Amino acid sequence: MRLRGGMMGRVLIGGVGYRWFGDRSFGLLAGDALAELDWPPGVEVEDLGYGALHVALDLAAADPPYQRVVLIAVTERGRAPGRLYRVRCDAAAPDAEQVQARLYEAAAGVVDLDHLLVIGRHFGALPDDVVAVELEPLPGSTGDGLSARTQALLPRAVELVRREALAPAHVPATGR
């Protein structure tokens with residue numbers, strides 16, 4: 001992501017999910033593949049599968065802060081299964097009930113993209129420019145590795161995330 005004057009802004013790419021959980025490991029395995037690529041200065045790839053509250057606190061302490069965050073995860077939203085979806089994440093502050101419910105589950109060890117987004121927004125840990133590449137899961141995939149169908153999506157997901165991480169900065173509408 002280029003800032004004014006051609007300087008690269010700080011970008012975080014984060015895989016979200018669980019390891020060794022079949023297709024639900026997709027976000028972390030994609031993150032592993034992305035970590036193997038060469039990136040310009042200012043682009044970092046991290047495993048964010050360790051809990052939304054801890055991730056939010058780590059992001060809030062980042063110095064300098066990230067200008068863009070690109071997340072990759074498996075997220076069940078009732079869409080066509082086995083497909084990748086690019087989602088620009090809402091920058092609005094979540095309501096108190098939503099934060100409380102997400103904190104409760106995150107404290108119990110649930111790793112979830114939406115938990116990270118809500119808790120991260122609540123603590124001011126996320127920049128306005130957050131994009132997620134989401135895989136709508138296939139039913140019934142368990143075990144150590146990805147299903148063949150999900151494994152076949154991995155190169156495309158890596159390319160989508162790479163393009164998002166290197167794209168020009170998104171300037172949100174201000175409503176003025």
# chains A, B, ... in the order shown; residues from 1 in each chain; ligands from 1
>>> closest_atom_pairs(of="segment 77-129 of chain A", to="segment 23-40 of chain A", cutoff="12 Å", atoms="only C-alpha atoms", output="Markdown table")
| residue | atom | partner | partner_atom | distance |
| --- | --- | --- | --- | --- |
| A:Pro81 | CA | A:Asp23 | CA | 11.5 |
| A:Gly82 | CA | A:Asp23 | CA | 9.8 |
| A:Leu84 | CA | A:Phe26 | CA | 11.1 |
| A:Val111 | CA | A:Arg24 | CA | 10.6 |
| A:Asp112 | CA | A:Arg24 | CA | 10.3 |
| A:Leu113 | CA | A:Gly27 | CA | 9.8 |
>>> write_last_selection(atoms="C-alpha atoms", output="mmCIF file, in the first residue's frame")
data_model
loop_
_atom_site.group_PDB
_atom_site.id
_atom_site.type_symbol
_atom_site.label_atom_id
_atom_site.label_comp_id
_atom_site.auth_asym_id
_atom_site.auth_seq_id
_atom_site.Cartn_x
_atom_site.Cartn_y
_atom_site.Cartn_z
ATOM 1 C CA PRO A 81 -19.902 -23.238 0.128
ATOM 2 C CA GLY A 82 -16.388 -23.806 -1.158
ATOM 3 C CA LEU A 84 -13.814 -17.321 -1.602
ATOM 4 C CA VAL A 111 -11.164 -18.141 17.612
ATOM 5 C CA ASP A 112 -13.399 -16.380 15.119
ATOM 6 C CA LEU A 113 -12.934 -13.648 12.516
#
>>> select_by_dssp(residues="segment 38-134 of chain A", states="strand (DSSP E or B)", output="PyMOL selection string")
chain A and resi 43-47+68-74+84-88+129-134
>>> write_last_selection(atoms="N, CA and C atoms", output="mmCIF file, in the first residue's frame")
data_model
loop_
_atom_site.group_PDB
_atom_site.id
_atom_site.type_symbol
_atom_site.label_atom_id
_atom_site.label_comp_id
_atom_site.auth_asym_id
_atom_site.auth_seq_id
_atom_site.Cartn_x
_atom_site.Cartn_y
_atom_site.Cartn_z
ATOM 1 N N VAL A 43 5.235 -4.688 5.090
ATOM 2 C CA VAL A 43 4.199 -5.713 5.003
ATOM 3 C C VAL A 43 4.618 -6.879 5.894
ATOM 4 N N GLU A 44 3.759 -7.242 6.824
ATOM 5 C CA GLU A 44 4.044 -8.318 7.776
ATOM 6 C C GLU A 44 2.938 -9.367 7.701
ATOM 7 N N VAL A 45 3.325 -10.628 7.856
ATOM 8 C CA VAL A 45 2.368 -11.731 7.861
ATOM 9 C C VAL A 45 2.436 -12.386 9.237
ATOM 10 N N GLU A 46 1.263 -12.528 9.881
ATOM 11 C CA GLU A 46 1.216 -13.075 11.234
ATOM 12 C C GLU A 46 0.113 -14.121 11.369
ATOM 13 N N ASP A 47 0.335 -15.062 12.248
ATOM 14 C CA ASP A 47 -0.667 -16.034 12.668
ATOM 15 C C ASP A 47 -1.505 -15.354 13.745
ATOM 16 N N ARG A 68 -3.315 -0.722 7.060
ATOM 17 C CA ARG A 68 -4.242 -1.680 6.436
ATOM 18 C C ARG A 68 -4.045 -3.033 7.104
ATOM 19 N N VAL A 69 -5.154 -3.746 7.257
ATOM 20 C CA VAL A 69 -5.113 -5.124 7.752
ATOM 21 C C VAL A 69 -5.893 -5.976 6.757
ATOM 22 N N VAL A 70 -5.270 -7.063 6.333
ATOM 23 C CA VAL A 70 -5.910 -8.022 5.433
ATOM 24 C C VAL A 70 -5.969 -9.349 6.180
ATOM 25 N N LEU A 71 -7.175 -9.841 6.392
ATOM 26 C CA LEU A 71 -7.384 -11.062 7.161
ATOM 27 C C LEU A 71 -7.866 -12.176 6.241
ATOM 28 N N ILE A 72 -7.503 -13.395 6.577
ATOM 29 C CA ILE A 72 -8.007 -14.542 5.825
ATOM 30 C C ILE A 72 -8.500 -15.582 6.822
ATOM 31 N N ALA A 73 -9.726 -16.062 6.585
ATOM 32 C CA ALA A 73 -10.363 -16.964 7.538
ATOM 33 C C ALA A 73 -11.483 -17.749 6.878
ATOM 34 N N VAL A 74 -11.913 -18.782 7.559
ATOM 35 C CA VAL A 74 -13.128 -19.507 7.199
ATOM 36 C C VAL A 74 -14.255 -18.869 7.996
ATOM 37 N N LEU A 84 -14.493 -18.416 -2.277
ATOM 38 C CA LEU A 84 -13.814 -17.321 -1.602
ATOM 39 C C LEU A 84 -14.604 -16.036 -1.793
ATOM 40 N N TYR A 85 -14.632 -15.229 -0.756
ATOM 41 C CA TYR A 85 -15.346 -13.957 -0.793
ATOM 42 C C TYR A 85 -14.436 -12.863 -0.253
ATOM 43 N N ARG A 86 -14.387 -11.736 -0.952
ATOM 44 C CA ARG A 86 -13.651 -10.563 -0.488
ATOM 45 C C ARG A 86 -14.654 -9.646 0.188
ATOM 46 N N VAL A 87 -14.359 -9.245 1.416
ATOM 47 C CA VAL A 87 -15.281 -8.438 2.200
ATOM 48 C C VAL A 87 -14.529 -7.234 2.766
ATOM 49 N N ARG A 88 -15.027 -6.030 2.493
ATOM 50 C CA ARG A 88 -14.486 -4.835 3.145
ATOM 51 C C ARG A 88 -15.182 -4.753 4.496
ATOM 52 N N ASP A 129 -9.100 0.720 7.254
ATOM 53 C CA ASP A 129 -8.919 -0.089 6.049
ATOM 54 C C ASP A 129 -8.643 -1.547 6.424
ATOM 55 N N VAL A 130 -9.728 -2.329 6.543
ATOM 56 C CA VAL A 130 -9.630 -3.757 6.855
ATOM 57 C C VAL A 130 -10.422 -4.523 5.803
ATOM 58 N N VAL A 131 -9.751 -5.504 5.218
ATOM 59 C CA VAL A 131 -10.368 -6.364 4.211
ATOM 60 C C VAL A 131 -10.196 -7.805 4.665
ATOM 61 N N ALA A 132 -11.218 -8.613 4.451
ATOM 62 C CA ALA A 132 -11.121 -10.039 4.750
ATOM 63 C C ALA A 132 -11.331 -10.836 3.475
ATOM 64 N N VAL A 133 -10.545 -11.876 3.326
ATOM 65 C CA VAL A 133 -10.786 -12.887 2.306
ATOM 66 C C VAL A 133 -11.319 -14.084 3.077
ATOM 67 N N GLU A 134 -12.582 -14.399 2.825
ATOM 68 C CA GLU A 134 -13.276 -15.422 3.593
ATOM 69 C C GLU A 134 -13.579 -16.632 2.721
#
>>> select_by_dssp(residues="segment 10-172 of chain A", states="helix (DSSP H, G or I)", output="number ranges by chain")
A: 22-35, 52-60, 96-107, 113-122, 148-166
>>> residues_around(residues="Val99 of chain A", least_positions_apart="3", cutoff="8 Å", atoms="only C-alpha atoms", output="NGL selection string")
:A and (94-96 or 102-103 or 118-119 or 122)
>>> closest_residue(among="A:Tyr66, A:Pro168, A:Gly49, A:Arg163", to="Trp20 of chain A", atoms="only C-alpha atoms")
A:Gly49
>>> closest_residue(among="A:Asp63, A:Gly22, A:Leu53, A:Val161", to="Ala148 of chain A", atoms="only C-alpha atoms")
A:Gly22
>>> atom_distance(atom1="atom CA of His115 of chain A", atom2="atom CA of Gly51 of chain A")
8.6 Å
>>> residues_around(residues="Phe123 of chain A", least_positions_apart="5", cutoff="8 Å", atoms="only C-alpha atoms", output="ChimeraX atom specification")
/A:56-57,60
>>> closest_residue(among="A:Glu159, A:Asp90, A:Glu164, A:Glu76", to="Gly120 of chain A", atoms="only C-alpha atoms")
A:Asp90
